[in-house]
$ cat structure-v3.txt   # compact mmCIF, C-alpha atoms
# COMPACT_ATOMS: atom_id res chain seq x y z
CA MET A 1 21.58 -104.48 -114.53
CA SER A 2 25.32 -103.90 -114.72
CA ASN A 3 27.57 -105.22 -117.49
CA THR A 4 30.73 -104.42 -115.54
CA ARG A 5 33.45 -107.05 -115.37
CA ILE A 6 33.41 -106.89 -111.58
CA PRO A 7 29.84 -106.87 -110.23
CA PRO A 8 29.12 -103.69 -108.23
CA ALA A 9 29.33 -104.12 -104.47
CA GLU A 10 26.44 -103.09 -102.29
CA ILE A 11 27.15 -99.55 -101.09
CA THR A 12 26.54 -99.80 -97.34
CA GLY A 13 27.26 -98.14 -94.04
CA PHE A 14 27.33 -94.51 -93.03
CA LYS A 15 29.98 -93.63 -95.62
CA GLY A 16 27.98 -95.42 -98.31
CA ALA A 17 24.77 -93.60 -97.39
CA MET A 18 26.64 -90.30 -97.47
CA PHE A 19 28.18 -91.08 -100.87
CA LYS A 20 24.82 -92.07 -102.35
CA ARG A 21 23.19 -88.91 -101.03
CA ILE A 22 25.92 -86.66 -102.44
CA MET A 23 25.82 -88.44 -105.82
CA LYS A 24 22.06 -88.16 -106.10
CA LYS A 25 22.22 -84.48 -105.17
CA THR A 26 25.02 -83.56 -107.57
CA LEU A 27 24.44 -86.02 -110.42
CA GLY A 28 20.78 -86.98 -110.06
CA GLN A 29 21.70 -90.65 -109.62
CA VAL A 30 24.31 -92.94 -108.13
CA PRO A 31 26.87 -93.77 -110.83
CA SER A 32 27.26 -97.47 -111.62
CA SER A 33 31.01 -97.03 -111.26
CA LEU A 34 30.63 -96.28 -107.55
CA GLY A 35 29.60 -99.87 -106.81
CA VAL A 36 32.57 -101.28 -108.73
CA TYR A 37 35.08 -99.02 -107.01
CA TRP A 38 33.34 -99.62 -103.65
CA HIS A 39 35.18 -102.97 -103.54
CA ASN A 40 38.33 -100.96 -102.74
CA GLN A 41 37.38 -97.79 -100.95
CA LYS A 42 41.01 -96.61 -100.64
CA VAL A 43 41.25 -96.56 -104.43
CA LEU A 44 37.85 -94.86 -104.72
CA MET A 45 38.77 -92.15 -102.19
CA SER A 46 42.18 -91.51 -103.73
CA MET A 47 40.84 -91.23 -107.27
CA GLY A 48 37.96 -89.03 -106.13
CA GLY A 49 40.26 -86.88 -104.03
CA LEU A 50 42.60 -86.25 -106.92
CA GLY A 51 39.67 -85.46 -109.19
CA GLY A 52 38.41 -82.94 -106.66
CA LYS A 53 41.82 -81.24 -106.50
CA LEU A 54 41.94 -80.92 -110.29
CA LYS A 55 38.75 -78.85 -110.17
CA LYS A 56 40.62 -76.19 -108.19
CA TRP A 57 43.32 -75.70 -110.82
CA ASP A 58 42.89 -72.51 -112.85
CA ALA A 59 45.98 -71.86 -114.99
CA CYS A 60 44.39 -73.37 -118.11
CA ASP A 61 41.05 -72.58 -119.73
CA GLU A 62 38.24 -74.84 -118.47
CA GLY A 63 36.94 -75.52 -121.98
CA LEU A 64 40.35 -76.64 -123.22
CA LYS A 65 40.76 -79.00 -120.26
CA THR A 66 37.26 -80.44 -120.72
CA PHE A 67 37.74 -80.98 -124.46
CA ALA A 68 41.13 -82.58 -123.80
CA HIS A 69 39.61 -84.98 -121.24
CA MET A 70 36.79 -85.81 -123.65
CA ALA A 71 39.29 -86.37 -126.49
CA VAL A 72 41.15 -88.88 -124.29
CA ALA A 73 37.87 -90.59 -123.34
CA SER A 74 36.85 -90.84 -126.99
CA TYR A 75 40.28 -92.10 -128.05
CA ILE A 76 40.47 -94.74 -125.27
CA GLY A 77 36.79 -95.67 -125.66
CA CYS A 78 35.53 -94.72 -122.20
CA THR A 79 31.84 -94.01 -122.75
CA TRP A 80 31.39 -93.24 -119.05
CA CYS A 81 34.02 -90.45 -119.04
CA LEU A 82 32.85 -89.08 -122.37
CA ASP A 83 29.24 -88.89 -121.21
CA PHE A 84 30.14 -87.50 -117.79
CA ASN A 85 32.38 -84.76 -119.22
CA TYR A 86 29.69 -83.78 -121.74
CA PHE A 87 27.29 -83.50 -118.78
CA GLU A 88 29.92 -81.46 -116.90
CA ALA A 89 30.39 -79.18 -119.92
CA HIS A 90 26.68 -78.41 -119.61
CA ASN A 91 27.06 -77.70 -115.87
CA LYS A 92 30.07 -75.43 -116.51
CA ASN A 93 28.21 -73.50 -119.24
CA LEU A 94 30.77 -74.46 -121.87
CA ASP A 95 30.03 -74.48 -125.59
CA LEU A 96 27.86 -77.61 -125.93
CA ASP A 97 27.98 -77.59 -129.72
CA LYS A 98 31.73 -78.05 -129.43
CA ALA A 99 31.53 -80.53 -126.55
CA ARG A 100 29.18 -82.82 -128.48
CA GLU A 101 31.55 -82.75 -131.48
CA VAL A 102 34.66 -83.89 -129.57
CA PRO A 103 34.34 -87.56 -130.67
CA ARG A 104 34.73 -86.35 -134.27
CA TRP A 105 36.95 -83.35 -133.63
CA ARG A 106 39.21 -84.06 -136.62
CA GLU A 107 36.22 -83.89 -138.99
CA SER A 108 34.24 -81.10 -137.33
CA ASP A 109 34.57 -77.46 -138.32
CA VAL A 110 33.46 -76.00 -134.95
CA PHE A 111 36.86 -75.97 -133.24
CA THR A 112 39.51 -73.27 -133.22
CA PRO A 113 43.08 -74.13 -134.25
CA LEU A 114 44.11 -74.00 -130.56
CA GLU A 115 41.34 -76.40 -129.51
CA ARG A 116 42.45 -78.80 -132.26
CA GLU A 117 46.05 -78.60 -131.04
CA VAL A 118 44.94 -79.35 -127.48
CA MET A 119 42.93 -82.42 -128.55
CA ASP A 120 45.79 -83.60 -130.78
CA TYR A 121 48.14 -83.22 -127.80
CA ALA A 122 45.71 -85.16 -125.59
CA GLU A 123 45.62 -88.04 -128.07
CA ALA A 124 49.39 -87.96 -128.55
CA MET A 125 49.83 -88.29 -124.78
CA SER A 126 47.36 -91.21 -124.76
CA ARG A 127 49.13 -93.32 -127.38
CA THR A 128 51.57 -96.06 -126.53
CA PRO A 129 54.28 -95.08 -127.02
CA VAL A 130 53.54 -91.39 -126.41
CA THR A 131 53.84 -89.37 -129.65
CA VAL A 132 54.11 -85.84 -128.25
CA THR A 133 56.64 -83.76 -130.20
CA ASP A 134 58.80 -80.78 -129.29
CA GLU A 135 56.81 -78.75 -131.82
CA MET A 136 53.48 -79.57 -130.15
CA VAL A 137 54.71 -78.43 -126.75
CA ALA A 138 56.43 -75.32 -128.15
CA SER A 139 53.24 -74.23 -129.90
CA LEU A 140 51.11 -74.78 -126.80
CA ARG A 141 53.67 -72.94 -124.62
CA GLN A 142 53.58 -69.97 -126.97
CA GLN A 143 49.77 -69.82 -126.94
CA LEU A 144 49.01 -70.80 -123.34
CA GLY A 145 52.14 -70.26 -121.25
CA ASP A 146 54.13 -72.76 -119.24
CA ALA A 147 51.81 -73.00 -116.22
CA ALA A 148 48.80 -73.78 -118.42
CA VAL A 149 50.69 -76.41 -120.42
CA VAL A 150 51.82 -78.14 -117.22
CA GLU A 151 48.22 -78.09 -115.98
CA LEU A 152 46.82 -79.33 -119.30
CA THR A 153 49.37 -82.15 -119.31
CA ALA A 154 48.36 -83.20 -115.79
CA VAL A 155 44.66 -83.10 -116.76
CA VAL A 156 45.37 -85.35 -119.76
CA ALA A 157 47.34 -87.72 -117.51
CA PHE A 158 44.39 -87.79 -115.08
CA ALA A 159 42.04 -88.51 -117.99
CA ASN A 160 44.15 -91.56 -118.84
CA PHE A 161 44.20 -92.50 -115.14
CA THR A 162 40.38 -92.61 -115.09
CA THR A 163 39.46 -93.75 -118.60
CA ARG A 164 41.68 -96.80 -118.80
CA PRO A 165 40.48 -98.48 -115.58
CA ASN A 166 36.85 -97.78 -116.50
CA VAL A 167 37.30 -99.47 -119.88
CA ALA A 168 39.22 -102.38 -118.31
CA LEU A 169 36.48 -102.86 -115.69
CA GLY A 170 33.66 -102.62 -118.26
CA ILE A 171 32.20 -99.43 -116.78
CA GLU A 172 30.04 -97.74 -119.41
CA SER A 173 27.98 -94.57 -119.74
CA ASP A 174 25.31 -93.89 -117.13
CA GLY A 175 23.41 -91.54 -119.47
CA PHE A 176 24.05 -88.31 -117.56
CA ALA A 177 23.93 -86.16 -120.70
CA ALA A 178 20.71 -87.77 -121.93
CA ALA A 179 19.12 -87.30 -118.51
CA CYS A 180 19.51 -83.54 -118.82
CA GLY A 181 18.22 -83.47 -122.40
CA LEU A 182 21.52 -82.92 -124.22
CA LYS A 183 21.73 -83.97 -127.87
CA PRO A 184 23.56 -87.27 -128.35
CA LEU A 185 27.31 -87.02 -128.82
CA ALA A 186 28.45 -86.87 -132.43
CA GLU A 187 29.85 -90.03 -133.97
CA PRO A 188 32.96 -90.02 -136.17
CA THR A 189 32.40 -91.19 -139.72
CA ALA A 190 33.93 -94.49 -140.79
CA SER A 191 36.38 -92.58 -142.98
CA ALA A 192 37.78 -90.55 -140.07
CA VAL A 193 41.55 -90.91 -139.93
CA ARG A 194 43.03 -91.66 -136.54
CA SER A 195 46.75 -91.16 -136.44
$ encode --input "structure-v3.txt" --output "structure tokens"
Amino acid sequence: MSNTRIPPAEITGFKGAMFKRIMKKTLGQVPSSLGVYWHNQKVLMSMGGLGGKLKKWDACDEGLKTFAHMAVASYIGCTWCLDFNYFEAHNKNLDLDKAREVPRWRESDVFTPLEREVMDYAEAMSRTPVTVTDEMVASLRQQLGDAAVVELTAVVAFANFTTRPNVALGIESDGFAAACGLKPLAEPTASAVRS
């Protein structure tokens, strides 16, 4: 049973059958979000198309981009995106001990200084108003190069583009990470400071 704010539509027709088949093959199940976005297939196709294009970008380290996306998801409160990206970290053979710690990255001691800067940048981009500073960008440029910083920035923007509608529509985790036996994501302590 779905708790989404817009009840999922029935996924029908040839395109629907194809989507369901692809989702089951790649994810093991049909995401609950698919039914919600099925109400407007132009939106679904555009968002999915952009997400597919992002996977082809290679100027920035995959781990940094994944941790940045997860930091945005944690900050915004999108359990679906957080769970899905943890699942994807597993599929990409990224460091799962780090991936599971992203929700409490400020408290955890598993991250490098660069990874911390990337997650801080991701959160700064996600605030309203944006709190990115010249110093943040200069430091990332020095460590990553201009092309990687542009790519990282676009990935963080895409993370906001996907997390915010999911939260607004009440789309929550589908349990992808649990389905493949990953440890539950870490929880920040109540004393964690969020600037």
$ axis_aligned_box --input "structure-v3.txt" --around "stretch 105-119 of chain A" --padding-each-side "8 Å" --output "lines of an AutoDock Vina configuration file"
center_x = 39.8
center_y = -78.7
center_z = -133.2
size_x = 28.6
size_y = 26.8
size_z = 27.5
$ residues_around --input "structure-v3.txt" --residues "stretch 30-40 of chain A" --least-positions-apart "5" --cutoff "8 Å" --atoms "all atoms listed in the file" --output "list in words"
Ser2, Thr4, Ile6, Pro7, Pro8, Ala9, Glu10, Ile11, Lys20, Met23, Lys24, Asn166, Ile171 and Asp174 of chain A
$ closest_residue --input "structure-v3.txt" --among "A:Phe111, A:Trp105, A:Phe14, A:Phe161" --to "A:Gly48" --atoms "all atoms listed in the file"
A:Phe161
$ atom_distance --input "structure-v3.txt" --atom1 "atom CA of A:Glu151" --atom2 "atom CA of A:Phe19"
28.3 Å
$ atom_distance --input "structure-v3.txt" --atom1 "atom CA of A:Met136" --atom2 "atom CA of A:Leu152"
12.7 Å
$ residues_around --input "structure-v3.txt" --residues "stretch 123-128 of chain A" --least-positions-apart "5" --cutoff "9 Å" --atoms "only C-alpha atoms" --output "PyMOL selection string"
chain A and resi 68+71-72+75-76+118+133+153+156-157+160+195
$ closest_residue --input "structure-v3.txt" --among "A:Asp109, A:Phe87, A:Arg21, A:Gln29" --to "A:Ala177" --atoms "only C-alpha atoms"
A:Phe87
$ build_atoms --input "structure-v3.txt" --residues "stretch 115-126 of chain A" --atoms "all heavy atoms" --output "short mmCIF file (atom, residue, chain, number, x, y, z; two decimals), in the coordinates of the input"
data_model
loop_
_atom_site.label_atom_id
_atom_site.label_comp_id
_atom_site.auth_asym_id
_atom_site.auth_seq_id
_atom_site.Cartn_x
_atom_site.Cartn_y
_atom_site.Cartn_z
N GLU A 115 42.09 -75.25 -130.04
CA GLU A 115 41.34 -76.40 -129.51
C GLU A 115 41.75 -77.69 -130.21
O GLU A 115 41.91 -78.74 -129.57
CB GLU A 115 39.84 -76.16 -129.66
CG GLU A 115 39.32 -75.08 -128.74
CD GLU A 115 37.95 -74.54 -129.11
OE1 GLU A 115 37.50 -74.73 -130.26
OE2 GLU A 115 37.32 -73.90 -128.24
N ARG A 116 41.98 -77.62 -131.51
CA ARG A 116 42.45 -78.80 -132.26
C ARG A 116 43.83 -79.24 -131.77
O ARG A 116 44.10 -80.42 -131.61
CB ARG A 116 42.50 -78.50 -133.75
CG ARG A 116 41.15 -78.36 -134.39
CD ARG A 116 41.30 -78.03 -135.88
NE ARG A 116 40.00 -77.87 -136.45
CZ ARG A 116 39.15 -78.85 -136.71
NH1 ARG A 116 39.50 -80.10 -136.45
NH2 ARG A 116 37.97 -78.62 -137.23
N GLU A 117 44.71 -78.27 -131.55
CA GLU A 117 46.05 -78.60 -131.04
C GLU A 117 45.97 -79.27 -129.68
O GLU A 117 46.71 -80.23 -129.41
CB GLU A 117 46.91 -77.33 -130.94
CG GLU A 117 47.46 -76.86 -132.25
CD GLU A 117 48.45 -75.72 -132.08
OE1 GLU A 117 49.40 -75.87 -131.28
OE2 GLU A 117 48.26 -74.67 -132.73
N VAL A 118 45.09 -78.77 -128.82
CA VAL A 118 44.94 -79.35 -127.48
C VAL A 118 44.44 -80.78 -127.57
O VAL A 118 44.95 -81.68 -126.88
CB VAL A 118 44.00 -78.46 -126.63
CG1 VAL A 118 43.49 -79.20 -125.40
CG2 VAL A 118 44.70 -77.17 -126.23
N MET A 119 43.46 -81.05 -128.43
CA MET A 119 42.93 -82.42 -128.55
C MET A 119 43.95 -83.34 -129.21
O MET A 119 44.06 -84.52 -128.84
CB MET A 119 41.59 -82.40 -129.27
CG MET A 119 40.50 -81.78 -128.39
SD MET A 119 38.85 -81.80 -129.09
CE MET A 119 38.97 -80.44 -130.25
N ASP A 120 44.73 -82.82 -130.16
CA ASP A 120 45.79 -83.60 -130.78
C ASP A 120 46.85 -83.96 -129.74
O ASP A 120 47.33 -85.10 -129.68
CB ASP A 120 46.41 -82.82 -131.94
CG ASP A 120 47.30 -83.66 -132.82
OD1 ASP A 120 47.03 -84.87 -132.99
OD2 ASP A 120 48.27 -83.09 -133.37
N TYR A 121 47.19 -83.00 -128.89
CA TYR A 121 48.14 -83.22 -127.80
C TYR A 121 47.61 -84.28 -126.83
O TYR A 121 48.35 -85.18 -126.41
CB TYR A 121 48.38 -81.89 -127.09
CG TYR A 121 49.36 -81.93 -125.94
CD1 TYR A 121 50.72 -82.14 -126.16
CD2 TYR A 121 48.93 -81.73 -124.64
CE1 TYR A 121 51.62 -82.16 -125.09
CE2 TYR A 121 49.82 -81.74 -123.57
CZ TYR A 121 51.16 -81.96 -123.81
OH TYR A 121 52.06 -81.97 -122.76
N ALA A 122 46.32 -84.19 -126.50
CA ALA A 122 45.71 -85.16 -125.59
C ALA A 122 45.79 -86.58 -126.16
O ALA A 122 46.11 -87.53 -125.44
CB ALA A 122 44.26 -84.78 -125.31
N GLU A 123 45.51 -86.71 -127.45
CA GLU A 123 45.62 -88.04 -128.07
C GLU A 123 47.06 -88.50 -128.14
O GLU A 123 47.35 -89.68 -127.89
CB GLU A 123 44.99 -88.03 -129.47
CG GLU A 123 43.49 -88.04 -129.47
CD GLU A 123 42.89 -88.26 -130.85
OE1 GLU A 123 43.63 -88.55 -131.82
OE2 GLU A 123 41.65 -88.14 -130.96
N ALA A 124 47.98 -87.59 -128.46
CA ALA A 124 49.39 -87.96 -128.55
C ALA A 124 49.92 -88.45 -127.20
O ALA A 124 50.71 -89.39 -127.14
CB ALA A 124 50.22 -86.77 -129.05
N MET A 125 49.45 -87.84 -126.13
CA MET A 125 49.83 -88.29 -124.78
C MET A 125 49.22 -89.65 -124.45
O MET A 125 49.76 -90.38 -123.61
CB MET A 125 49.36 -87.29 -123.72
CG MET A 125 50.30 -86.16 -123.45
SD MET A 125 49.74 -85.18 -122.03
CE MET A 125 49.90 -86.34 -120.67
N SER A 126 48.11 -89.99 -125.09
CA SER A 126 47.36 -91.21 -124.76
C SER A 126 47.83 -92.42 -125.56
O SER A 126 47.42 -93.54 -125.27
CB SER A 126 45.86 -90.97 -124.99
OG SER A 126 45.43 -89.88 -124.21
#
